[in-house]
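Novice: Below is a structure I'd like to ask you about.
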Amino acid sequence: MGEVLVLEKRVNYAPGTDYDALWKKIISELFEEFILFFAPDLYEAIDFRKGIVFLEQELPKVIIEHKKGKKIADKIVKVSLKNGEEKYVFIHIEIQGKKDPDFSKRMFTYFYRLFDRFQENIYSIAILTDLSKSNDPQAFQYSFYGTELTYRFNTYKFNEEDIPSLKKSTNPFAIAVLAGIYLHQTEKNYHKRYEVKKKLLKDFILTNPNLKSNVAEALFYFIDYLLYLPHELTKQLTKDLSINIEKEAKHMLYSEKLKEAPTFAEYFKTVREEGIEIGMEKGLEIGMEKGFEKGIEKGIEKGKMEEKRNLAAELLREGFSVEKVIKIVKLSLDEVEEIGASIHPNQPES
């Protein structure tokens with residue numbers, strides 16, 4: 001049994017964002033959850049305990065060439081079925097910027113080319129992220145003087161999804177779909193996008209104790225890049241979420257893949273800058289403290305020397321010899337003679 005999944009997405013929302021690659025990444029990382037959410041009937045037939053193997057390089061070249069230079073992200077996944085058979089699951093991801101009148105024909109073309117190449121049963125599903133009600137592809141039909149063909153495929157339409165139901169779902173792809181819906185709804189309003197992005201990241205990921213760490217990281221990465229925000233709003237978002245990151249999601253700080261994601265990159269930048277500032281302040285404080293301590297040490301040392309000199313002067317006044325004073329006070333000959341000269345300035349040196 002094989003499967004072809006086509007994801008249709010608009011791409012005019014953020015400079016340089018590769019939406020196709022984002023979907024490809026999260027599908028690869030959470031493949032089992034992906035199949036459960038979008039193709040529950042197929043999910044029941046797959047034995048995930050035996051593992052899955054991604055074999056993208058085996059996708060027929062003829063399928064790629066048919067795309068006419070369009071950027072795509074194709075996958076073939078080898079899976080084992082519960083009945084003991086090994087089958088291929090074909091996942092085809094495509095960026096679709098607008099309604100395409102030839103979409104159903106293209107789905108059929110993918111189907112027969114894949115079927116001809118692999119001779120496998122194929123499960124086809126088109127995932128349509130466009131919120132337009134007019135984007136409603138029907139079955140492909142062919143008829144020519146008695147030769148007839150009807151090709152139907154499964155569809156998942158974002159514009160038919162119920163947002164409250166998505167929020168209640170425990171499958172991470174419900175939140176991925178929700179983020180995709182918000183992407184369209186906030187196309188021209190970054191401040192609104194900021195609010196929905198903060199809610200998604202905070203309520204459904206950072207403070208969700210039931211989310212496994214690998215799922216949380218994959219979903220955070222996906223949403224963080226999908227819902228693009230200008231730098232100033234990203235800085236504000238990082239500030240608002242920092243306490244949640246540090247308290248409820250500290251494990252995510254050690255994730256290599258999140259270090260470059262917009263929110264985490266800004267978080268680490270802020271931490272570094274604050275660390276440098278605190279370090280400088282601490283260094284100055286320590287320097288002043290050490291200087292003060294050094295001054296006290298010098299003061300004590302100076303005080304001890306003054307005490308010795310006073311004692312030497314007193315002994316000299318009592319008539320002790322210079323040699324005796326040197327032995328008692330532990331001062332040098334020059335120092336004792338200097339003290340004696342100050343006591344008896346008009347007397348010649350002994």
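Letters A, B, ... mark the chains of the structure tokens in the order given; residue numbers begin at 1 per chain; ligand numbers begin at 1, in order shown.
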Quick check for you: according to DSSP on this backbone, which residues of region 96-299 of chain A are classed as alpha helix (DSSP H)? Reply as a PyMOL selection string.

Specialist: chain A and resi 103-118+163-168+172-185+190-201+213-226+231-247+262-299

Novice: Choose the residue, out of A:Ile175, A:Pro230, A:Gln185, A:Glu256, that has the smallest atom-to-atom separation from Phe204 (chain A); count only C-alpha atoms.

Specialist: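 Of A:Ile175, A:Pro230, A:Gln185, A:Glu256, the one nearest Phe204 (chain A) is A:Ile175, counting only C-alpha atoms.
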
Novice: In Å, rounded to a single decimal, give me how far CA of Asn121 (chain A) is from CA of Ala176 (chain A).

Specialist: 28.3 Å
